[in-house]
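Data from coords-v9.txt: compact mmCIF, N, CA and C atoms
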# COMPACT_ATOMS: atom_id res chain seq x y z
N MET A 27 0.84 -1.17 0.00
CA MET A 27 0.00 0.00 0.00
C MET A 27 0.89 1.24 0.00
N SER A 28 0.67 2.11 -0.95
CA SER A 28 1.49 3.32 -1.02
C SER A 28 0.66 4.52 -0.60
N PHE A 29 1.35 5.50 -0.07
CA PHE A 29 0.68 6.71 0.38
C PHE A 29 1.11 7.85 -0.52
N ASP A 30 0.15 8.55 -1.05
CA ASP A 30 0.42 9.65 -1.96
C ASP A 30 0.09 10.96 -1.25
N PHE A 31 1.14 11.69 -0.87
CA PHE A 31 0.95 12.95 -0.17
C PHE A 31 1.26 14.14 -1.07
N THR A 32 1.13 13.96 -2.37
CA THR A 32 1.35 15.08 -3.27
C THR A 32 0.14 16.01 -3.19
N PRO A 33 0.34 17.29 -3.46
CA PRO A 33 -0.79 18.22 -3.44
C PRO A 33 -1.92 17.79 -4.37
N ARG A 34 -1.58 17.24 -5.51
CA ARG A 34 -2.60 16.80 -6.46
C ARG A 34 -3.48 15.71 -5.85
N ALA A 35 -2.86 14.74 -5.18
CA ALA A 35 -3.63 13.66 -4.56
C ALA A 35 -4.45 14.17 -3.38
N MET A 36 -3.87 15.07 -2.59
CA MET A 36 -4.56 15.56 -1.40
C MET A 36 -5.76 16.43 -1.74
N LEU A 37 -5.71 17.12 -2.86
CA LEU A 37 -6.80 18.02 -3.24
C LEU A 37 -7.70 17.41 -4.33
N SER A 38 -7.51 16.15 -4.60
CA SER A 38 -8.30 15.49 -5.64
C SER A 38 -9.77 15.41 -5.24
N ILE A 39 -10.62 15.83 -6.17
CA ILE A 39 -12.06 15.73 -5.96
C ILE A 39 -12.70 15.15 -7.22
N ARG A 40 -12.00 14.21 -7.83
CA ARG A 40 -12.48 13.59 -9.07
C ARG A 40 -13.76 12.80 -8.87
N HIS A 41 -14.06 12.42 -7.65
CA HIS A 41 -15.26 11.62 -7.39
C HIS A 41 -16.54 12.44 -7.50
N LEU A 42 -16.42 13.75 -7.65
CA LEU A 42 -17.60 14.61 -7.74
C LEU A 42 -17.68 15.27 -9.11
N ARG A 43 -18.89 15.37 -9.62
CA ARG A 43 -19.10 15.97 -10.94
C ARG A 43 -19.19 17.49 -10.87
N PHE A 44 -19.82 18.01 -9.84
CA PHE A 44 -20.04 19.45 -9.70
C PHE A 44 -19.12 20.05 -8.64
N LYS A 45 -17.83 19.80 -8.81
CA LYS A 45 -16.82 20.19 -7.82
C LYS A 45 -16.90 21.67 -7.46
N ARG A 46 -16.94 22.53 -8.46
CA ARG A 46 -16.92 23.97 -8.21
C ARG A 46 -18.17 24.42 -7.46
N LEU A 47 -19.29 23.84 -7.79
CA LEU A 47 -20.53 24.19 -7.09
C LEU A 47 -20.43 23.81 -5.62
N TRP A 48 -19.97 22.60 -5.32
CA TRP A 48 -19.89 22.14 -3.93
C TRP A 48 -18.89 22.97 -3.14
N ILE A 49 -17.78 23.37 -3.75
CA ILE A 49 -16.81 24.21 -3.06
C ILE A 49 -17.40 25.60 -2.82
N ALA A 50 -18.12 26.13 -3.80
CA ALA A 50 -18.76 27.44 -3.63
C ALA A 50 -19.79 27.40 -2.50
N VAL A 51 -20.55 26.34 -2.42
CA VAL A 51 -21.52 26.19 -1.32
C VAL A 51 -20.77 26.14 0.01
N GLY A 52 -19.66 25.42 0.05
CA GLY A 52 -18.86 25.34 1.27
C GLY A 52 -18.31 26.69 1.70
N ILE A 53 -17.84 27.48 0.75
CA ILE A 53 -17.34 28.82 1.06
C ILE A 53 -18.48 29.69 1.58
N ALA A 54 -19.65 29.56 0.97
CA ALA A 54 -20.82 30.31 1.45
C ALA A 54 -21.18 29.90 2.88
N LEU A 55 -21.06 28.61 3.20
CA LEU A 55 -21.33 28.15 4.56
C LEU A 55 -20.34 28.74 5.56
N ILE A 56 -19.07 28.79 5.17
CA ILE A 56 -18.05 29.39 6.04
C ILE A 56 -18.36 30.86 6.27
N LEU A 57 -18.70 31.59 5.21
CA LEU A 57 -19.05 33.00 5.35
C LEU A 57 -20.27 33.18 6.24
N PHE A 58 -21.27 32.33 6.06
CA PHE A 58 -22.48 32.41 6.87
C PHE A 58 -22.16 32.21 8.35
N VAL A 59 -21.38 31.18 8.68
CA VAL A 59 -21.02 30.92 10.07
C VAL A 59 -20.20 32.07 10.64
N THR A 60 -19.26 32.57 9.85
CA THR A 60 -18.41 33.67 10.32
C THR A 60 -19.23 34.93 10.58
N ILE A 61 -20.05 35.31 9.63
CA ILE A 61 -20.83 36.55 9.76
C ILE A 61 -21.83 36.44 10.91
N THR A 62 -22.54 35.32 10.98
CA THR A 62 -23.54 35.19 12.05
C THR A 62 -22.89 35.04 13.42
N SER A 63 -21.62 34.69 13.46
CA SER A 63 -20.91 34.59 14.73
C SER A 63 -20.46 35.95 15.25
N ILE A 64 -20.38 36.94 14.36
CA ILE A 64 -19.85 38.24 14.76
C ILE A 64 -20.92 39.32 14.86
N ILE A 65 -21.98 39.22 14.07
CA ILE A 65 -22.99 40.28 14.09
C ILE A 65 -23.83 40.20 15.37
N THR A 66 -24.53 41.27 15.64
CA THR A 66 -25.45 41.30 16.77
C THR A 66 -26.67 40.46 16.42
N ILE A 67 -27.08 39.62 17.35
CA ILE A 67 -28.23 38.75 17.13
C ILE A 67 -29.50 39.54 17.45
N PRO A 68 -30.43 39.64 16.50
CA PRO A 68 -31.70 40.32 16.79
C PRO A 68 -32.46 39.62 17.92
N ALA A 69 -33.19 40.38 18.69
CA ALA A 69 -33.91 39.85 19.86
C ALA A 69 -34.81 38.65 19.53
N PRO A 70 -35.59 38.66 18.43
CA PRO A 70 -36.45 37.50 18.15
C PRO A 70 -35.66 36.20 17.93
N LEU A 71 -34.45 36.31 17.41
CA LEU A 71 -33.65 35.11 17.15
C LEU A 71 -32.95 34.59 18.40
N LYS A 72 -32.87 35.41 19.43
CA LYS A 72 -32.20 34.96 20.66
C LYS A 72 -32.93 33.80 21.32
N VAL A 73 -34.21 33.64 21.01
CA VAL A 73 -34.97 32.51 21.53
C VAL A 73 -34.35 31.20 21.06
N PHE A 74 -33.89 31.17 19.80
CA PHE A 74 -33.28 29.96 19.25
C PHE A 74 -31.89 29.71 19.81
N MET A 75 -31.30 30.72 20.40
CA MET A 75 -29.93 30.59 20.89
C MET A 75 -29.87 30.08 22.33
N LEU A 76 -31.01 29.65 22.87
CA LEU A 76 -31.00 29.10 24.22
C LEU A 76 -30.11 27.86 24.30
N LYS A 77 -30.06 27.14 23.22
CA LYS A 77 -29.20 25.95 23.14
C LYS A 77 -27.94 26.31 22.35
N ASP A 78 -27.27 27.34 22.80
CA ASP A 78 -26.12 27.92 22.11
C ASP A 78 -25.05 26.89 21.76
N LYS A 79 -24.72 26.04 22.70
CA LYS A 79 -23.64 25.07 22.46
C LYS A 79 -24.04 24.04 21.40
N VAL A 80 -25.32 23.68 21.36
CA VAL A 80 -25.80 22.76 20.33
C VAL A 80 -25.67 23.42 18.96
N VAL A 81 -26.02 24.69 18.87
CA VAL A 81 -25.90 25.42 17.61
C VAL A 81 -24.45 25.46 17.16
N HIS A 82 -23.54 25.73 18.08
CA HIS A 82 -22.10 25.75 17.75
C HIS A 82 -21.66 24.37 17.25
N THR A 83 -22.03 23.34 17.96
CA THR A 83 -21.62 21.98 17.56
C THR A 83 -22.16 21.63 16.18
N LEU A 84 -23.43 21.92 15.93
CA LEU A 84 -24.03 21.60 14.63
C LEU A 84 -23.42 22.43 13.50
N ALA A 85 -23.14 23.69 13.76
CA ALA A 85 -22.56 24.56 12.72
C ALA A 85 -21.20 24.03 12.29
N TYR A 86 -20.34 23.71 13.24
CA TYR A 86 -19.00 23.24 12.89
C TYR A 86 -19.00 21.80 12.39
N ALA A 87 -19.95 21.00 12.86
CA ALA A 87 -20.10 19.65 12.30
C ALA A 87 -20.55 19.76 10.85
N GLY A 88 -21.43 20.70 10.57
CA GLY A 88 -21.88 20.91 9.19
C GLY A 88 -20.75 21.32 8.27
N LEU A 89 -19.91 22.24 8.74
CA LEU A 89 -18.77 22.67 7.92
C LEU A 89 -17.80 21.52 7.67
N MET A 90 -17.42 20.83 8.73
CA MET A 90 -16.48 19.71 8.57
C MET A 90 -17.11 18.60 7.74
N GLY A 91 -18.37 18.33 7.97
CA GLY A 91 -19.05 17.29 7.20
C GLY A 91 -19.11 17.62 5.72
N TRP A 92 -19.36 18.88 5.42
CA TRP A 92 -19.45 19.29 4.02
C TRP A 92 -18.11 19.13 3.32
N PHE A 93 -17.07 19.71 3.91
CA PHE A 93 -15.77 19.68 3.25
C PHE A 93 -15.11 18.30 3.27
N SER A 94 -15.42 17.48 4.27
CA SER A 94 -14.83 16.14 4.29
C SER A 94 -15.45 15.23 3.24
N GLN A 95 -16.61 15.61 2.71
CA GLN A 95 -17.19 14.86 1.60
C GLN A 95 -16.56 15.28 0.28
N ILE A 96 -16.11 16.51 0.22
CA ILE A 96 -15.46 17.00 -1.00
C ILE A 96 -14.03 16.50 -1.06
N TYR A 97 -13.32 16.62 0.04
CA TYR A 97 -11.91 16.22 0.12
C TYR A 97 -11.82 14.96 0.97
N ARG A 98 -11.48 13.84 0.34
CA ARG A 98 -11.51 12.55 1.03
C ARG A 98 -10.14 12.04 1.45
N HIS A 99 -9.08 12.73 1.10
CA HIS A 99 -7.73 12.32 1.50
C HIS A 99 -7.57 12.51 3.01
N ASP A 100 -7.00 11.53 3.70
CA ASP A 100 -6.89 11.57 5.16
C ASP A 100 -6.14 12.80 5.67
N LEU A 101 -5.01 13.12 5.07
CA LEU A 101 -4.23 14.27 5.53
C LEU A 101 -4.98 15.57 5.26
N THR A 102 -5.67 15.64 4.15
CA THR A 102 -6.45 16.83 3.83
C THR A 102 -7.56 17.00 4.85
N ARG A 103 -8.21 15.92 5.23
CA ARG A 103 -9.25 16.00 6.25
C ARG A 103 -8.67 16.45 7.59
N LEU A 104 -7.51 15.97 7.93
CA LEU A 104 -6.86 16.40 9.17
C LEU A 104 -6.59 17.90 9.13
N LEU A 105 -6.06 18.38 8.01
CA LEU A 105 -5.78 19.80 7.87
C LEU A 105 -7.06 20.63 7.91
N LEU A 106 -8.13 20.12 7.31
CA LEU A 106 -9.43 20.79 7.39
C LEU A 106 -9.90 20.88 8.84
N ALA A 107 -9.76 19.80 9.57
CA ALA A 107 -10.19 19.78 10.97
C ALA A 107 -9.41 20.82 11.77
N VAL A 108 -8.11 20.86 11.58
CA VAL A 108 -7.28 21.84 12.30
C VAL A 108 -7.69 23.26 11.91
N ALA A 109 -7.90 23.50 10.62
CA ALA A 109 -8.28 24.83 10.15
C ALA A 109 -9.62 25.26 10.73
N LEU A 110 -10.58 24.36 10.78
CA LEU A 110 -11.89 24.71 11.32
C LEU A 110 -11.85 24.93 12.83
N VAL A 111 -11.05 24.15 13.54
CA VAL A 111 -10.89 24.39 14.98
C VAL A 111 -10.26 25.76 15.20
N LEU A 112 -9.23 26.09 14.42
CA LEU A 112 -8.59 27.41 14.54
C LEU A 112 -9.56 28.52 14.16
N MET A 113 -10.41 28.28 13.18
CA MET A 113 -11.42 29.27 12.81
C MET A 113 -12.36 29.52 13.99
N GLY A 114 -12.81 28.45 14.63
CA GLY A 114 -13.69 28.60 15.79
C GLY A 114 -13.04 29.35 16.93
N VAL A 115 -11.77 29.06 17.18
CA VAL A 115 -11.04 29.78 18.24
C VAL A 115 -10.88 31.24 17.86
N GLY A 116 -10.51 31.50 16.61
CA GLY A 116 -10.34 32.88 16.15
C GLY A 116 -11.62 33.69 16.23
N ILE A 117 -12.72 33.08 15.86
CA ILE A 117 -14.01 33.79 15.92
C ILE A 117 -14.37 34.11 17.36
N GLU A 118 -14.07 33.21 18.28
CA GLU A 118 -14.34 33.51 19.70
C GLU A 118 -13.54 34.72 20.16
N TYR A 119 -12.29 34.82 19.75
CA TYR A 119 -11.49 36.00 20.11
C TYR A 119 -12.07 37.26 19.48
N LEU A 120 -12.54 37.15 18.23
CA LEU A 120 -13.17 38.30 17.59
C LEU A 120 -14.44 38.71 18.33
N GLN A 121 -15.21 37.73 18.78
CA GLN A 121 -16.41 38.04 19.55
C GLN A 121 -16.07 38.80 20.83
N GLY A 122 -14.95 38.45 21.44
CA GLY A 122 -14.53 39.14 22.65
C GLY A 122 -14.17 40.59 22.40
N MET A 123 -13.87 40.94 21.16
CA MET A 123 -13.53 42.32 20.81
C MET A 123 -14.75 43.16 20.45
N THR A 124 -15.91 42.52 20.32
CA THR A 124 -17.13 43.26 19.98
C THR A 124 -17.86 43.65 21.26
N THR A 125 -18.77 44.61 21.12
CA THR A 125 -19.56 45.03 22.28
C THR A 125 -20.83 44.20 22.42
N SER A 126 -21.24 43.53 21.36
CA SER A 126 -22.51 42.81 21.40
C SER A 126 -22.37 41.31 21.62
N ARG A 127 -21.17 40.78 21.51
CA ARG A 127 -20.94 39.34 21.68
C ARG A 127 -19.91 39.15 22.78
N GLN A 128 -19.76 37.91 23.25
CA GLN A 128 -18.78 37.68 24.30
C GLN A 128 -17.92 36.46 24.00
N PHE A 129 -16.73 36.48 24.51
CA PHE A 129 -15.77 35.39 24.42
C PHE A 129 -16.24 34.27 25.34
N ASP A 130 -16.20 33.02 24.85
CA ASP A 130 -16.63 31.88 25.67
C ASP A 130 -15.81 30.65 25.30
N VAL A 131 -15.04 30.17 26.25
CA VAL A 131 -14.21 28.98 26.01
C VAL A 131 -15.09 27.77 25.71
N LEU A 132 -16.26 27.68 26.33
CA LEU A 132 -17.15 26.54 26.07
C LEU A 132 -17.66 26.54 24.63
N ASP A 133 -17.76 27.70 24.01
CA ASP A 133 -18.10 27.75 22.59
C ASP A 133 -16.99 27.11 21.76
N MET A 134 -15.74 27.34 22.16
CA MET A 134 -14.60 26.72 21.46
C MET A 134 -14.68 25.20 21.59
N VAL A 135 -15.05 24.73 22.76
CA VAL A 135 -15.19 23.29 22.99
C VAL A 135 -16.32 22.73 22.13
N ALA A 136 -17.43 23.44 22.05
CA ALA A 136 -18.56 22.99 21.23
C ALA A 136 -18.17 22.98 19.75
N ASN A 137 -17.46 24.01 19.29
CA ASN A 137 -17.02 24.06 17.90
C ASN A 137 -16.12 22.87 17.58
N THR A 138 -15.16 22.64 18.46
CA THR A 138 -14.21 21.53 18.27
C THR A 138 -14.93 20.19 18.31
N SER A 139 -15.90 20.06 19.18
CA SER A 139 -16.68 18.81 19.26
C SER A 139 -17.40 18.54 17.95
N GLY A 140 -17.96 19.58 17.36
CA GLY A 140 -18.64 19.41 16.07
C GLY A 140 -17.69 18.98 14.98
N VAL A 141 -16.50 19.58 14.95
CA VAL A 141 -15.50 19.21 13.95
C VAL A 141 -15.10 17.75 14.12
N VAL A 142 -14.81 17.34 15.35
CA VAL A 142 -14.37 15.96 15.60
C VAL A 142 -15.48 14.97 15.28
N LEU A 143 -16.71 15.30 15.65
CA LEU A 143 -17.84 14.42 15.35
C LEU A 143 -17.99 14.19 13.84
N ALA A 144 -17.98 15.27 13.08
CA ALA A 144 -18.13 15.14 11.62
C ALA A 144 -16.92 14.47 10.99
N TRP A 145 -15.74 14.70 11.54
CA TRP A 145 -14.53 14.06 11.04
C TRP A 145 -14.66 12.54 11.19
N ALA A 146 -15.15 12.10 12.33
CA ALA A 146 -15.33 10.66 12.54
C ALA A 146 -16.42 10.10 11.61
N LEU A 147 -17.52 10.84 11.47
CA LEU A 147 -18.62 10.37 10.60
C LEU A 147 -18.22 10.35 9.13
N ALA A 148 -17.21 11.12 8.77
CA ALA A 148 -16.77 11.15 7.37
C ALA A 148 -16.25 9.79 6.92
N TYR A 149 -15.87 8.94 7.84
CA TYR A 149 -15.35 7.62 7.49
C TYR A 149 -16.44 6.54 7.53
N THR A 150 -17.69 6.98 7.61
CA THR A 150 -18.82 6.07 7.55
C THR A 150 -19.61 6.38 6.27
N TRP A 151 -20.78 5.77 6.13
CA TRP A 151 -21.63 6.03 4.96
C TRP A 151 -22.04 7.49 4.90
N VAL A 152 -22.04 8.19 6.02
CA VAL A 152 -22.42 9.60 6.04
C VAL A 152 -21.46 10.43 5.18
N GLY A 153 -20.20 10.01 5.12
CA GLY A 153 -19.20 10.73 4.35
C GLY A 153 -19.33 10.57 2.85
N THR A 154 -20.32 9.82 2.41
CA THR A 154 -20.52 9.63 0.96
C THR A 154 -21.84 10.21 0.46
N LEU A 155 -22.53 10.97 1.31
CA LEU A 155 -23.85 11.47 0.93
C LEU A 155 -23.83 12.37 -0.30
N LEU A 156 -22.84 13.24 -0.40
CA LEU A 156 -22.77 14.15 -1.54
C LEU A 156 -22.54 13.39 -2.84
N ALA A 157 -21.63 12.44 -2.82
CA ALA A 157 -21.37 11.63 -4.01
C ALA A 157 -22.60 10.78 -4.36
N ARG A 158 -23.30 10.28 -3.35
CA ARG A 158 -24.52 9.51 -3.60
C ARG A 158 -25.61 10.39 -4.20
N PHE A 159 -25.71 11.62 -3.71
CA PHE A 159 -26.68 12.58 -4.25
C PHE A 159 -26.42 12.79 -5.73
N GLU A 160 -25.16 13.03 -6.08
CA GLU A 160 -24.82 13.20 -7.49
C GLU A 160 -25.18 11.96 -8.29
N GLY A 161 -24.89 10.79 -7.73
CA GLY A 161 -25.18 9.55 -8.44
C GLY A 161 -26.66 9.34 -8.69
N LEU A 162 -27.48 9.78 -7.77
CA LEU A 162 -28.92 9.59 -7.91
C LEU A 162 -29.58 10.65 -8.80
N PHE A 163 -29.17 11.89 -8.63
CA PHE A 163 -29.90 12.99 -9.27
C PHE A 163 -29.15 13.70 -10.39
N CYS A 164 -27.89 13.41 -10.56
CA CYS A 164 -27.09 14.15 -11.53
C CYS A 164 -26.37 13.18 -12.47
N ARG A 165 -27.12 12.36 -13.11
CA ARG A 165 -26.53 11.38 -14.02
C ARG A 165 -25.98 12.07 -15.27
N SER A 166 -24.87 11.57 -15.73
CA SER A 166 -24.28 12.11 -16.96
C SER A 166 -25.07 11.58 -18.16
N PRO A 167 -24.97 12.23 -19.32
CA PRO A 167 -25.68 11.76 -20.50
C PRO A 167 -25.34 10.31 -20.87
N ALA A 168 -24.10 9.90 -20.64
CA ALA A 168 -23.69 8.53 -20.95
C ALA A 168 -24.43 7.52 -20.06
N GLN A 169 -24.71 7.91 -18.80
CA GLN A 169 -25.39 7.01 -17.87
C GLN A 169 -26.88 6.91 -18.16
N SER A 170 -27.46 7.98 -18.70
CA SER A 170 -28.90 7.98 -18.92
C SER A 170 -29.29 7.40 -20.28
N GLY A 171 -28.32 7.06 -21.11
CA GLY A 171 -28.61 6.42 -22.39
C GLY A 171 -28.88 7.36 -23.53
N THR A 172 -28.64 8.66 -23.36
CA THR A 172 -28.86 9.62 -24.44
C THR A 172 -27.57 9.94 -25.17

What would the structure in this file look like if it were written as structure tokens?
Amino acid sequence: MSFDFTPRAMLSIRHLRFKRLWIAVGIALILFVTITSIITIPAPLKVFMLKDKVVHTLAYAGLMGWFSQIYRHDLTRLLLAVALVLMGVGIEYLQGMTTSRQFDVLDMVANTSGVVLAWALAYTWVGTLLARFEGLFCRSPAQSGT
């Protein structure tokens, strides 16, 4: 068994047909999490934030889950996990610099928990959902017989 740690192998996403679309969606998700983590939360939405740690865990699990389906190389997934954990830590420090949000170490723990949870699930059938979606709904002309 050989291990290929070249950049080409680590960033390979040949298993997906709509690579650019999935990456664009992932970037939009990162922007959404970042922006909503820093802006002031309107009063009506604060009702949903009662389970703040659950929201943090789900948000970061969603990010890691999304990108780990796009990038399946083990080292790339590790680097994604580290990057997302650092993103969560960095956002907490940014929140501490705002007047409307606060720094919370437990938020960092929740963010990291979400990343680790999705990282582990990426090695199960859950990690193939995006490719399965393409296989079911996005057949190429050669597959459909036209």

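Our summary of the geometry notes that atom N of Val152 (chain A) is positioned 16.6 Å from atom N of Gly140 (chain A).
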
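Using only N, CA and C atoms for every distance, the candidate list A:Ile67, A:Val59, A:Ala50, A:Leu104 yields A:Leu104 as the residue closest to Trp145 (chain A).
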
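One finds CA of Ile56 (chain A) at 13.2 Å from atom N of Ala107 (chain A).
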
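Coordinates place atom C of Leu147 (chain A) at a distance of 22.4 Å from atom C of Leu132 (chain A).
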
*Using all atoms listed in the file, which of A:Ile117, A:Leu55, A:Ile96, A:Val141 sits nearest Leu156 (chain A)?*
A:Ile96

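Of the listed residues A:His82, A:Leu89, A:Arg98, A:Gln121, the one whose atoms come nearest to Met134 (chain A) is A:His82, with distances taken using only C-alpha atoms.
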
*Among the residues of region 36-172 of chain A, find those DSSP assigns to alpha helix (DSSP H) from the backbone and print them as an MDAnalysis selection string.*
chainID A and resid 36 45:64 78:96 100:123 131:147 155:163 167:170
